[in-house]
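Asks: Handing over coords.tsv, TSV, C-alpha atoms.
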chain	number	residue	atom	x	y	z
E	115	MET	CA	-9.25	9.93	-45.50
E	116	LYS	CA	-5.82	8.48	-44.61
E	117	LEU	CA	-4.13	11.79	-45.45
E	118	ASP	CA	-6.59	13.70	-43.28
E	119	ARG	CA	-6.02	11.30	-40.39
E	120	ALA	CA	-2.24	11.58	-40.79
E	121	ALA	CA	-2.47	15.36	-40.84
E	122	LEU	CA	-4.68	15.29	-37.75
E	123	ASN	CA	-2.21	13.03	-35.93
E	124	LEU	CA	0.67	15.29	-36.91
E	125	ARG	CA	-1.21	18.35	-35.72
E	126	THR	CA	-2.06	16.62	-32.43
E	127	ALA	CA	1.55	15.57	-31.89
E	128	SER	CA	2.75	19.11	-32.62
E	129	LEU	CA	0.27	20.60	-30.15
E	130	VAL	CA	1.28	18.08	-27.47
E	131	THR	CA	4.97	18.85	-28.03
E	132	LEU	CA	4.33	22.58	-27.78
E	133	ALA	CA	2.25	22.10	-24.64
E	134	VAL	CA	4.97	19.99	-22.98
E	135	ALA	CA	7.63	22.56	-23.90
E	136	ALA	CA	5.47	25.36	-22.51
E	137	ILE	CA	4.96	23.44	-19.25
E	138	ILE	CA	8.72	22.86	-18.88
E	139	ILE	CA	9.45	26.55	-19.49
E	140	LEU	CA	6.76	27.52	-16.98
E	141	LEU	CA	8.18	25.14	-14.37
E	142	GLN	CA	11.65	26.62	-14.79
E	143	TYR	CA	10.51	30.23	-14.88
E	144	ALA	CA	8.12	29.97	-11.91
E	145	GLN	CA	10.15	27.60	-9.74
E	146	SER	CA	10.19	30.16	-6.92
E	147	VAL	CA	6.40	29.65	-6.74
E	148	PHE	CA	6.09	25.92	-7.41
E	149	ILE	CA	8.90	24.72	-5.13
E	150	PRO	CA	7.45	26.29	-1.92
E	151	ILE	CA	4.02	24.88	-2.79
E	152	VAL	CA	5.37	21.34	-3.24
E	153	LEU	CA	7.47	21.65	-0.06
E	154	GLY	CA	4.47	22.92	1.88
E	155	ILE	CA	2.34	20.00	0.69
E	156	LEU	CA	5.00	17.46	1.69
E	157	ILE	CA	5.53	19.02	5.12
E	158	SER	CA	1.77	19.06	5.67
E	159	TYR	CA	1.68	15.33	4.90
E	160	VAL	CA	4.37	14.76	7.55
E	161	LEU	CA	2.55	16.79	10.22
E	162	ASP	CA	-1.00	15.80	9.34
E	163	PRO	CA	-1.04	12.56	11.43
E	164	LEU	CA	-0.06	14.58	14.51
E	165	VAL	CA	-2.83	17.11	13.89
E	166	ASP	CA	-5.35	14.31	13.33
E	167	GLY	CA	-4.29	12.70	16.62
E	168	LEU	CA	-4.71	15.97	18.51
E	169	GLU	CA	-8.10	16.45	16.89
E	170	ARG	CA	-9.22	13.02	18.13
E	171	VAL	CA	-8.56	14.16	21.71
E	172	ARG	CA	-10.96	17.10	21.22
E	173	LEU	CA	-8.28	19.71	20.46
E	174	PRO	CA	-9.37	22.21	17.77
E	175	ARG	CA	-7.62	21.70	14.46
E	176	ALA	CA	-6.24	25.27	14.40
E	177	ILE	CA	-4.54	24.76	17.77
E	178	GLY	CA	-3.30	21.31	16.72
E	179	ALA	CA	-1.76	22.79	13.56
E	180	THR	CA	-0.06	25.48	15.66
E	181	VAL	CA	1.37	22.85	18.02
E	182	ALA	CA	2.59	20.71	15.12
E	183	ILE	CA	4.35	23.61	13.40
E	184	ALA	CA	5.88	24.75	16.71
E	185	LEU	CA	7.31	21.25	17.26
E	186	PHE	CA	8.58	21.19	13.67
E	187	ILE	CA	10.37	24.54	14.09
E	188	GLY	CA	11.74	23.43	17.45
E	189	ALA	CA	13.15	20.23	15.95
E	190	ILE	CA	14.86	22.17	13.16
E	191	GLY	CA	16.24	24.75	15.59
E	192	THR	CA	17.56	22.06	17.92
E	193	ALA	CA	19.26	20.25	15.05
E	194	VAL	CA	20.86	23.44	13.74
E	195	TYR	CA	22.06	24.45	17.21
E	196	THR	CA	23.47	20.97	17.89
E	197	LEU	CA	25.30	20.69	14.59
E	198	SER	CA	26.51	24.29	14.30
E	199	ASP	CA	29.63	23.79	16.44
E	200	ASP	CA	30.71	20.73	14.50
E	201	ALA	CA	30.07	22.54	11.22
E	202	MET	CA	32.25	25.46	12.30
E	203	ASP	CA	35.00	23.03	13.35
E	204	ILE	CA	34.90	21.48	9.90
E	205	VAL	CA	35.11	24.89	8.21
E	206	THR	CA	38.04	25.99	10.33
E	207	SER	CA	39.87	22.70	9.76
E	208	VAL	CA	39.70	22.92	5.96
E	209	PRO	CA	42.83	25.14	5.57
E	210	GLU	CA	44.89	22.90	7.83
E	211	ALA	CA	43.70	19.80	5.99
E	212	ALA	CA	44.55	21.38	2.64
E	213	HIS	CA	48.04	22.24	3.96
E	214	ARG	CA	48.60	18.66	5.10
E	215	ILE	CA	47.45	17.27	1.76
E	216	ARG	CA	49.82	19.62	-0.10
E	217	GLU	CA	52.70	18.45	2.08
E	218	ARG	CA	51.87	14.83	1.33
E	219	VAL	CA	51.68	15.56	-2.40
E	220	ARG	CA	55.04	17.35	-2.34
E	221	ALA	CA	56.63	14.46	-0.46
E	222	HIS	CA	55.22	12.07	-3.04
E	223	ARG	CA	56.60	14.14	-5.90
E	224	ARG	CA	60.11	13.95	-4.47
E	225	GLN	CA	60.03	10.18	-5.00
E	226	PRO	CA	61.47	8.61	-8.20
E	227	GLU	CA	59.47	9.39	-11.31
E	228	THR	CA	56.89	6.76	-12.24
E	229	ALA	CA	56.04	5.54	-15.74
E	230	LEU	CA	52.82	7.56	-15.78
E	231	GLU	CA	54.67	10.73	-14.82
E	232	LYS	CA	57.18	10.11	-17.61
E	233	VAL	CA	54.33	9.80	-20.13
E	234	GLN	CA	52.77	13.03	-18.81
E	235	ARG	CA	56.09	14.85	-19.03
E	236	ALA	CA	56.58	13.62	-22.61
E	237	ALA	CA	53.07	14.85	-23.54
E	238	THR	CA	53.88	18.26	-22.01
E	239	GLU	CA	57.06	18.53	-24.03
E	240	MET	CA	55.18	17.65	-27.22
E	241	ASP	CA	52.63	20.39	-26.50
E	242	ARG	CA	55.43	22.90	-26.03
E	243	ALA	CA	57.04	21.85	-29.28
E	244	ALA	CA	53.71	22.25	-31.12
E	245	GLN	CA	53.29	25.75	-29.67
E	246	GLU	CA	56.82	26.72	-30.74
E	247	ALA	CA	56.14	25.48	-34.27
E	248	ALA	CA	52.91	27.47	-34.45
E	249	ARG	CA	54.60	30.76	-33.61
E	250	PRO	CA	55.29	33.12	-36.58
E	251	SER	CA	58.83	33.55	-37.78
E	252	PRO	CA	60.77	36.67	-36.72
E	253	GLY	CA	60.46	38.25	-40.18
E	254	SER	CA	56.76	37.57	-40.54
E	255	THR	CA	54.23	40.38	-40.03
E	256	ALA	CA	51.40	38.01	-38.97
E	257	GLY	CA	50.44	37.48	-35.41
E	258	PRO	CA	50.53	39.81	-32.45
E	259	PRO	CA	53.47	42.20	-32.04
E	260	THR	CA	56.35	41.07	-29.86
E	261	GLY	CA	57.11	42.72	-26.59
E	262	VAL	CA	53.45	43.20	-25.70
E	263	GLN	CA	52.60	42.14	-22.17
E	264	LYS	CA	49.10	40.98	-21.20
E	265	VAL	CA	47.54	43.10	-18.49
E	266	GLU	CA	44.77	41.73	-16.28
E	267	ILE	CA	42.62	44.07	-14.22
E	268	VAL	CA	41.73	42.59	-10.86
E	269	GLN	CA	38.89	44.08	-8.87
E	270	PRO	CA	39.78	44.77	-5.21
E	271	PHE	CA	38.35	42.44	-2.59
E	272	ARG	CA	35.58	44.13	-0.63
E	273	PRO	CA	34.29	42.05	2.29
E	274	SER	CA	31.27	44.31	2.67
E	275	ASP	CA	29.95	43.19	-0.72
E	276	TYR	CA	30.07	39.53	0.28
E	277	LEU	CA	28.53	40.25	3.69
E	278	TRP	CA	25.73	42.22	2.06
E	279	SER	CA	24.96	39.56	-0.55
E	280	GLY	CA	25.13	36.79	2.06
E	281	GLY	CA	22.90	38.71	4.46
E	282	MET	CA	20.32	39.39	1.78
E	283	GLY	CA	20.37	35.74	0.77
E	284	LEU	CA	19.77	34.70	4.39
E	285	VAL	CA	16.90	37.18	4.75
E	286	GLY	CA	15.33	35.89	1.55
E	287	PHE	CA	15.65	32.28	2.72
E	288	VAL	CA	14.04	33.07	6.08
E	289	ALA	CA	11.19	34.95	4.41
E	290	GLN	CA	10.53	32.09	1.98
E	291	PHE	CA	10.66	29.54	4.80
E	292	ALA	CA	8.12	31.60	6.74
E	293	MET	CA	5.80	31.61	3.71
E	294	ILE	CA	6.13	27.82	3.47
E	295	LEU	CA	5.17	27.49	7.14
E	296	PHE	CA	2.10	29.69	6.60
E	297	LEU	CA	1.08	27.48	3.69
E	298	VAL	CA	1.60	24.37	5.82
E	299	TYR	CA	-0.55	25.87	8.57
E	300	PHE	CA	-3.43	26.64	6.21
E	301	LEU	CA	-3.22	23.17	4.65
E	302	LEU	CA	-3.34	21.55	8.10
E	303	VAL	CA	-6.23	23.71	9.29
E	304	THR	CA	-8.37	23.15	6.19
E	305	GLY	CA	-7.76	19.39	6.19
E	306	ASP	CA	-9.51	17.75	3.22
E	307	LEU	CA	-11.41	20.92	2.28
E	308	TYR	CA	-9.65	21.33	-1.07
E	309	LYS	CA	-10.05	17.63	-1.79
E	310	ARG	CA	-13.82	18.00	-1.45
E	311	LYS	CA	-13.80	21.15	-3.58
E	312	ILE	CA	-11.79	19.49	-6.36
E	313	VAL	CA	-14.20	16.54	-6.40
E	314	LYS	CA	-17.14	18.96	-6.47
E	315	ILE	CA	-15.87	20.88	-9.51
E	316	ALA	CA	-14.63	17.76	-11.35
E	317	GLY	CA	-17.82	17.52	-13.36
E	318	PRO	CA	-21.56	16.99	-13.13
E	319	GLU	CA	-21.41	13.24	-13.73
E	320	LEU	CA	-20.86	10.78	-10.91
E	321	SER	CA	-18.20	8.89	-12.89
E	322	GLN	CA	-16.09	12.03	-13.20
E	323	LYS	CA	-16.31	12.67	-9.48
E	324	ARG	CA	-15.41	9.04	-8.77
E	325	ILE	CA	-12.32	9.15	-11.02
E	326	THR	CA	-11.18	12.43	-9.45
E	327	LEU	CA	-11.58	10.98	-5.98
E	328	GLN	CA	-9.60	7.90	-6.97
E	329	VAL	CA	-6.76	10.07	-8.34
E	330	LEU	CA	-6.61	12.16	-5.16
E	331	ASP	CA	-6.70	9.10	-2.91
E	332	ASP	CA	-3.97	7.45	-4.97
E	333	ILE	CA	-1.77	10.56	-4.76
E	334	ASN	CA	-2.28	10.73	-0.99
E	335	ALA	CA	-1.38	7.05	-0.59
E	336	GLN	CA	1.73	7.38	-2.78
E	337	ILE	CA	3.07	10.40	-0.91
E	338	GLU	CA	2.42	8.80	2.48
E	339	ARG	CA	4.29	5.68	1.38
E	340	PHE	CA	7.16	7.78	0.06
E	341	ILE	CA	7.50	9.63	3.35
E	342	ARG	CA	7.47	6.38	5.33
E	343	VAL	CA	10.10	4.82	3.07
E	344	GLN	CA	12.27	7.94	3.21
E	345	MET	CA	12.13	8.08	7.00
E	346	LEU	CA	12.91	4.35	7.26
E	347	THR	CA	15.92	4.45	4.92
E	348	SER	CA	17.30	7.65	6.48
E	349	SER	CA	17.09	6.06	9.93
E	350	ILE	CA	18.88	2.94	8.69
E	351	VAL	CA	21.65	5.01	7.09
E	352	ALA	CA	22.06	7.16	10.23
E	353	ILE	CA	22.33	4.15	12.54
E	354	ALA	CA	24.61	2.13	10.25
E	355	THR	CA	26.92	5.09	9.59
E	356	GLY	CA	27.14	5.91	13.29
E	357	ILE	CA	28.04	2.30	14.15
E	358	VAL	CA	30.73	2.10	11.45
E	359	LEU	CA	32.27	5.42	12.49
E	360	TRP	CA	32.23	4.31	16.14
E	361	ALA	CA	34.02	1.09	15.16
E	362	PHE	CA	36.76	3.13	13.46
E	363	GLY	CA	37.17	5.29	16.56
E	364	PHE	CA	35.66	8.39	14.96
E	365	ARG	CA	35.06	11.04	17.62
E	366	GLU	CA	31.88	12.72	16.29
E	367	PHE	CA	30.19	9.51	15.14
E	368	VAL	CA	26.76	10.56	16.46
E	369	THR	CA	26.79	13.91	14.64
E	370	TRP	CA	27.98	12.48	11.36
E	371	GLY	CA	25.52	9.61	11.60
E	372	LEU	CA	22.69	12.13	11.89
E	373	LEU	CA	24.10	14.14	8.99
E	374	ALA	CA	24.30	10.99	6.87
E	375	GLY	CA	20.66	10.25	7.58
E	376	LEU	CA	19.64	13.85	6.87
E	377	PHE	CA	21.52	14.15	3.57
E	378	ASN	CA	20.20	10.75	2.55
E	379	SER	CA	17.04	12.56	1.45
E	380	VAL	CA	19.08	14.12	-1.39
E	381	PRO	CA	19.59	11.20	-3.80
E	382	TYR	CA	23.12	10.60	-5.13
E	383	LEU	CA	24.43	14.08	-4.29
E	384	GLY	CA	23.80	13.95	-0.53
E	385	PRO	CA	25.88	10.81	0.11
E	386	VAL	CA	28.78	12.29	-1.87
E	387	ILE	CA	28.76	15.44	0.28
E	388	VAL	CA	28.65	13.44	3.53
E	389	THR	CA	31.40	11.09	2.36
E	390	GLY	CA	33.67	14.00	1.48
E	391	GLY	CA	33.08	15.63	4.86
E	392	ILE	CA	33.70	12.39	6.75
E	393	GLY	CA	36.89	11.76	4.78
E	394	LEU	CA	38.16	15.27	5.56
E	395	VAL	CA	37.41	15.00	9.30
E	396	ALA	CA	38.90	11.49	9.41
E	397	PHE	CA	42.10	12.77	7.83
E	398	MET	CA	42.30	15.56	10.40
E	399	GLN	CA	41.75	13.13	13.27
E	400	PHE	CA	43.95	10.20	12.20
E	401	ASP	CA	46.47	12.15	10.06
E	402	ASN	CA	46.59	9.19	7.72
E	403	LEU	CA	45.29	9.17	4.16
E	404	VAL	CA	44.87	5.40	4.11
E	405	THR	CA	42.73	5.34	7.27
E	406	ALA	CA	40.70	8.32	6.07
E	407	SER	CA	40.12	6.53	2.76
E	408	TYR	CA	38.91	3.41	4.59
E	409	VAL	CA	36.47	5.46	6.68
E	410	ALA	CA	35.13	7.35	3.65
E	411	ALA	CA	34.85	4.14	1.62
E	412	ALA	CA	32.90	2.41	4.40
E	413	THR	CA	30.38	5.24	4.69
E	414	LEU	CA	30.09	5.49	0.91
E	415	ALA	CA	29.40	1.74	0.76
E	416	ILE	CA	26.52	2.14	3.22
E	417	THR	CA	24.90	4.99	1.28
E	418	SER	CA	25.56	3.26	-2.05
E	419	LEU	CA	23.90	0.03	-0.95
E	420	GLU	CA	20.97	2.00	0.41
E	421	GLY	CA	20.71	4.35	-2.58
E	422	PHE	CA	21.14	1.80	-5.36
E	423	LEU	CA	19.50	-1.27	-3.81
E	424	LEU	CA	17.30	-0.61	-0.77
E	425	THR	CA	15.64	2.70	-1.65
E	426	PRO	CA	14.85	1.90	-5.32
E	427	ALA	CA	13.41	-1.46	-4.26
E	428	LEU	CA	11.24	-0.05	-1.45
E	429	LEU	CA	10.34	3.12	-3.33
E	430	GLY	CA	9.62	1.31	-6.54
E	431	ARG	CA	7.37	-1.18	-4.77
E	432	ALA	CA	5.59	1.53	-2.80
E	433	ALA	CA	5.03	3.72	-5.82
E	434	ARG	CA	4.66	0.86	-8.33
E	435	MET	CA	7.44	2.49	-10.37
E	436	ASN	CA	10.55	0.93	-11.89
E	437	PRO	CA	14.04	2.12	-10.84
E	438	VAL	CA	14.91	3.30	-14.36
E	439	ALA	CA	11.92	5.65	-14.39
E	440	ILE	CA	12.89	6.95	-10.94
E	441	PHE	CA	16.48	7.64	-12.05
E	442	ILE	CA	15.42	9.37	-15.27
E	443	GLY	CA	12.93	11.40	-13.26
E	444	LEU	CA	15.75	12.47	-10.92
E	445	LEU	CA	17.77	13.69	-13.89
E	446	PHE	CA	14.80	15.58	-15.34
E	447	TRP	CA	13.69	17.32	-12.14
E	448	SER	CA	17.30	18.11	-11.21
E	449	TRP	CA	17.61	19.87	-14.56
E	450	ILE	CA	14.33	21.73	-14.00
E	451	TRP	CA	14.72	22.79	-10.34
E	452	GLY	CA	18.35	22.05	-9.43
E	453	ILE	CA	18.97	20.58	-6.00
E	454	TRP	CA	15.34	21.06	-4.97
E	455	GLY	CA	14.31	19.09	-8.04
E	456	THR	CA	16.54	16.25	-6.88
E	457	VAL	CA	14.83	16.23	-3.49
E	458	LEU	CA	11.29	16.54	-4.86
E	459	ALA	CA	11.64	14.28	-7.90
E	460	ALA	CA	10.22	11.12	-6.30
E	461	PRO	CA	6.95	12.64	-5.00
E	462	MET	CA	6.46	14.52	-8.26
E	463	LEU	CA	6.83	11.26	-10.20
E	464	MET	CA	4.34	9.58	-7.88
E	465	MET	CA	1.78	12.31	-8.50
E	466	LEU	CA	2.31	11.99	-12.25
E	467	LYS	CA	1.97	8.21	-12.12
E	468	ALA	CA	-1.29	8.42	-10.16
E	469	ILE	CA	-2.76	10.89	-12.66
E	470	CYS	CA	-1.65	8.83	-15.66
E	471	ASP	CA	-3.12	5.60	-14.27
E	472	HIS	CA	-6.59	7.16	-14.06
E	473	THR	CA	-6.51	9.19	-17.30
E	474	GLU	CA	-7.27	7.33	-20.53
E	475	ASP	CA	-5.02	9.40	-22.81
E	476	LEU	CA	-2.06	9.30	-20.38
E	477	ARG	CA	-2.13	5.58	-19.57
E	478	PRO	CA	0.76	4.78	-21.99
E	479	LEU	CA	2.97	7.16	-19.99
E	480	GLY	CA	1.80	5.53	-16.77
E	481	GLU	CA	2.70	2.14	-18.23
E	482	LEU	CA	6.23	3.39	-18.95
E	483	LEU	CA	6.59	4.59	-15.39
E	484	GLY	CA	5.19	1.40	-13.87
E	485	GLU	CA	6.92	-1.79	-12.87
Represent the structure from my file as structure tokens, please.
Replies:
Amino acid sequence: MKLDRAALNLRTASLVTLAVAAIIILLQYAQSVFIPIVLGILISYVLDPLVDGLERVRLPRAIGATVAIALFIGAIGTAVYTLSDDAMDIVTSVPEAAHRIRERVRAHRRQPETALEKVQRAATEMDRAAQEAARPSPGSTAGPPTGVQKVEIVQPFRPSDYLWSGGMGLVGFVAQFAMILFLVYFLLVTGDLYKRKIVKIAGPELSQKRITLQVLDDINAQIERFIRVQMLTSSIVAIATGIVLWAFGFREFVTWGLLAGLFNSVPYLGPVIVTGGIGLVAFMQFDNLVTASYVAAATLAITSLEGFLLTPALLGRAARMNPVAIFIGLLFWSWIWGIWGTVLAAPMLMMLKAICDHTEDLRPLGELLGE
């Protein structure tokens, strides 16, 4: 009996492992389908309160959804138009900044050699000596023949190829964004239709319907809390960054404050990108590496305190999840879906936690994710 039970447990574990591996492969292979669906659901959660408010004033839900999506597109267009000039200024200033940095490095190299540079030079000389010793002797027939020169074939630069690939990428992005907006519209128009359908097909027993309803309500509550926390922390980062940059005398402190708040939605990677951009622009404005370092360090301190202290505390309390689980989930979803996985990791973990808490066989996993 014990052997049969052990064999059954081994077979069950093998099937679960295979099922998990198959799900991971499916998520990676079909990410072009799953990512727009998840994005559409999240955007619909953001716009749903507006549509509900318009519906309460006797405006049909279809018209309210149209108004909400129009405002959403208008906000994105306004932000892109406002930030496009500053973005182009940053791009055009990169070569000049690189030239200035090279000049500073050359001036530093002309100074007396430091102890670290002496150690590096000694290591280089040792590598050269090892390479000389490894070469075959003149009378030896081993090794490649002498006098042979390595030839490298370089393909000519064709700007049309890059323009074509970039244009096709832009067209594909616009088409996918349009599909996401259509999905958001249908989700807003239907309201809780699919929620009622899922409860209806959950099973004939009332207990099954009740558990399904609890799972759906828990998922809705978790995502709503996540969106509120994300908007709160992004606003705090935007305001704090703008104030710090203004105190340093940074010219575009409003723009970079907004960018800091926007990129705050990308955990860990977003603050690094914003800090690098602020450091580059600060170096171009002040022409001083020390001042630019102070500005970049101040903005990085704001995003670090928010990312490592404020957000995990608020998000963990809202989702009843511990910070370690959130961080491991970020690593996993970043590996599955790349940058989009980093953005969508938190809501995906919340959905998984809600399902595990109400499913008997998955409660151990929910306990691992919990506080």
Asks: Between CA of Asp166 (chain E) and CA of Ala182 (chain E), what is the distance, to one decimal in Å?
Replies: 10.4 Å
Asks: CA of Thr413 (chain E) and CA of Asp199 (chain E) are how many Å apart?
Replies: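 Going from CA of Thr413 (chain E) over to CA of Asp199 (chain E) covers 22.0 Å.
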Asks: Contacts between region 463-476 of chain E and region 287-405 of chain E, please, where a residue of region 287-405 of chain E counts if it comes within 7 Å (with only C-alpha atoms); show its shortest atom pair and distance in Å to one decimal, rows by chain and ascending number, as CSV.
Replies:
residue,atom,partner,partner_atom,distance
E:Ile325,CA,E:His472,CA,6.8
E:Val329,CA,E:Ile469,CA,5.9
E:Asp332,CA,E:Ala468,CA,5.9
E:Ile333,CA,E:Met465,CA,5.4
E:Gln336,CA,E:Met464,CA,6.1
Asks: In Å to one decimal, how far is CA of Phe367 (chain E) from CA of Phe400 (chain E)?
Replies: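 Here the two named atoms are 14.1 Å from each other.
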Asks: Take the point (26.2, 15.9, 7.5) as written in the file and pick out every residue within 10 Å of it, counting only C-alpha atoms; give the list as a VMD selection string.
Replies: chain E and resid 197 200 to 201 369 to 378 384 to 385 387 to 392
Asks: In file coordinates, which residues lie within 12 Å of (-12.5, 16.7, -6.4) using all atoms listed in the file, given as a list in words?
Replies: Asp306, Leu307, Tyr308, Lys309, Arg310, Lys311, Ile312, Val313, Lys314, Ile315, Ala316, Gly317, Pro318, Leu320, Ser321, Gln322, Lys323, Arg324, Ile325, Thr326, Leu327, Gln328, Val329, Leu330 and Asp331 of chain E
Asks: Can you list, as a list in words, every protein, DNA or RNA residue that comes within 9 Å of Ala396 (chain E) when you count only C-alpha atoms, leaving out same-chain residues fewer than 5 positions away?
Replies: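 Within the cut-off, the hits are Phe364, Gly391, Asp401, Asn402, Leu403, Thr405, Ala406, Ser407, Val409 and Ala410 of chain E.
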Asks: What does the file look like for those residues with C-alpha atoms, as an mmCIF file, in the frame of the given file?
Replies:
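File produced: result00.cif:
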data_model
loop_
_atom_site.group_PDB
_atom_site.id
_atom_site.type_symbol
_atom_site.label_atom_id
_atom_site.label_comp_id
_atom_site.auth_asym_id
_atom_site.auth_seq_id
_atom_site.Cartn_x
_atom_site.Cartn_y
_atom_site.Cartn_z
ATOM 1 C CA PHE E 364 35.660 8.390 14.960
ATOM 2 C CA GLY E 391 33.080 15.630 4.860
ATOM 3 C CA ASP E 401 46.470 12.150 10.060
ATOM 4 C CA ASN E 402 46.590 9.190 7.720
ATOM 5 C CA LEU E 403 45.290 9.170 4.160
ATOM 6 C CA THR E 405 42.730 5.340 7.270
ATOM 7 C CA ALA E 406 40.700 8.320 6.070
ATOM 8 C CA SER E 407 40.120 6.530 2.760
ATOM 9 C CA VAL E 409 36.470 5.460 6.680
ATOM 10 C CA ALA E 410 35.130 7.350 3.650
#
Asks: Taking the structure in the block just given, could you write region 467-484 of chain E with N, CA and C atoms, as a PDB file, in the first residue's frame?
Replies:
ATOM      1  N   LYS E 467      -2.469  34.921  -6.292  1.00  0.00           N
ATOM      2  CA  LYS E 467      -2.699  34.816  -4.841  1.00  0.00           C
ATOM      3  C   LYS E 467      -4.183  34.670  -4.539  1.00  0.00           C
ATOM      4  N   ALA E 468      -5.027  35.421  -5.236  1.00  0.00           N
ATOM      5  CA  ALA E 468      -6.469  35.321  -4.992  1.00  0.00           C
ATOM      6  C   ALA E 468      -6.994  33.934  -5.353  1.00  0.00           C
ATOM      7  N   ILE E 469      -6.511  33.373  -6.450  1.00  0.00           N
ATOM      8  CA  ILE E 469      -6.951  32.032  -6.851  1.00  0.00           C
ATOM      9  C   ILE E 469      -6.474  30.984  -5.853  1.00  0.00           C
ATOM     10  N   CYS E 470      -5.211  31.102  -5.413  1.00  0.00           N
ATOM     11  CA  CYS E 470      -4.660  30.116  -4.482  1.00  0.00           C
ATOM     12  C   CYS E 470      -5.375  30.150  -3.133  1.00  0.00           C
ATOM     13  N   ASP E 471      -5.765  31.337  -2.675  1.00  0.00           N
ATOM     14  CA  ASP E 471      -6.420  31.432  -1.365  1.00  0.00           C
ATOM     15  C   ASP E 471      -7.776  30.736  -1.335  1.00  0.00           C
ATOM     16  N   HIS E 472      -8.420  30.610  -2.486  1.00  0.00           N
ATOM     17  CA  HIS E 472      -9.758  30.017  -2.535  1.00  0.00           C
ATOM     18  C   HIS E 472      -9.772  28.630  -3.177  1.00  0.00           C
ATOM     19  N   THR E 473      -8.598  28.070  -3.450  1.00  0.00           N
ATOM     20  CA  THR E 473      -8.506  26.733  -4.028  1.00  0.00           C
ATOM     21  C   THR E 473      -7.768  25.831  -3.045  1.00  0.00           C
ATOM     22  N   GLU E 474      -8.393  24.723  -2.663  1.00  0.00           N
ATOM     23  CA  GLU E 474      -7.851  23.872  -1.605  1.00  0.00           C
ATOM     24  C   GLU E 474      -6.459  23.345  -1.951  1.00  0.00           C
ATOM     25  N   ASP E 475      -6.267  22.855  -3.172  1.00  0.00           N
ATOM     26  CA  ASP E 475      -4.987  22.256  -3.535  1.00  0.00           C
ATOM     27  C   ASP E 475      -3.873  23.284  -3.703  1.00  0.00           C
ATOM     28  N   LEU E 476      -4.224  24.558  -3.915  1.00  0.00           N
ATOM     29  CA  LEU E 476      -3.215  25.598  -4.154  1.00  0.00           C
ATOM     30  C   LEU E 476      -2.976  26.483  -2.929  1.00  0.00           C
ATOM     31  N   ARG E 477      -3.606  26.166  -1.807  1.00  0.00           N
ATOM     32  CA  ARG E 477      -3.427  27.010  -0.623  1.00  0.00           C
ATOM     33  C   ARG E 477      -1.988  27.027  -0.100  1.00  0.00           C
ATOM     34  N   PRO E 478      -1.215  25.941  -0.201  1.00  0.00           N
ATOM     35  CA  PRO E 478       0.208  26.053   0.213  1.00  0.00           C
ATOM     36  C   PRO E 478       0.970  27.108  -0.585  1.00  0.00           C
ATOM     37  N   LEU E 479       0.704  27.215  -1.897  1.00  0.00           N
ATOM     38  CA  LEU E 479       1.355  28.252  -2.687  1.00  0.00           C
ATOM     39  C   LEU E 479       0.884  29.642  -2.261  1.00  0.00           C
ATOM     40  N   GLY E 480      -0.409  29.760  -1.965  1.00  0.00           N
ATOM     41  CA  GLY E 480      -0.918  31.039  -1.467  1.00  0.00           C
ATOM     42  C   GLY E 480      -0.305  31.412  -0.127  1.00  0.00           C
ATOM     43  N   GLU E 481      -0.024  30.414   0.716  1.00  0.00           N
ATOM     44  CA  GLU E 481       0.637  30.695   1.986  1.00  0.00           C
ATOM     45  C   GLU E 481       2.055  31.195   1.775  1.00  0.00           C
ATOM     46  N   LEU E 482       2.749  30.672   0.774  1.00  0.00           N
ATOM     47  CA  LEU E 482       4.104  31.140   0.475  1.00  0.00           C
ATOM     48  C   LEU E 482       4.096  32.566  -0.025  1.00  0.00           C
ATOM     49  N   LEU E 483       3.065  32.927  -0.770  1.00  0.00           N
ATOM     50  CA  LEU E 483       2.988  34.279  -1.300  1.00  0.00           C
ATOM     51  C   LEU E 483       2.515  35.299  -0.275  1.00  0.00           C
ATOM     52  N   GLY E 484       1.837  34.819   0.778  1.00  0.00           N
ATOM     53  CA  GLY E 484       1.242  35.727   1.746  1.00  0.00           C
ATOM     54  C   GLY E 484       2.251  36.320   2.700  1.00  0.00           C
TER      55      GLY E 484
END
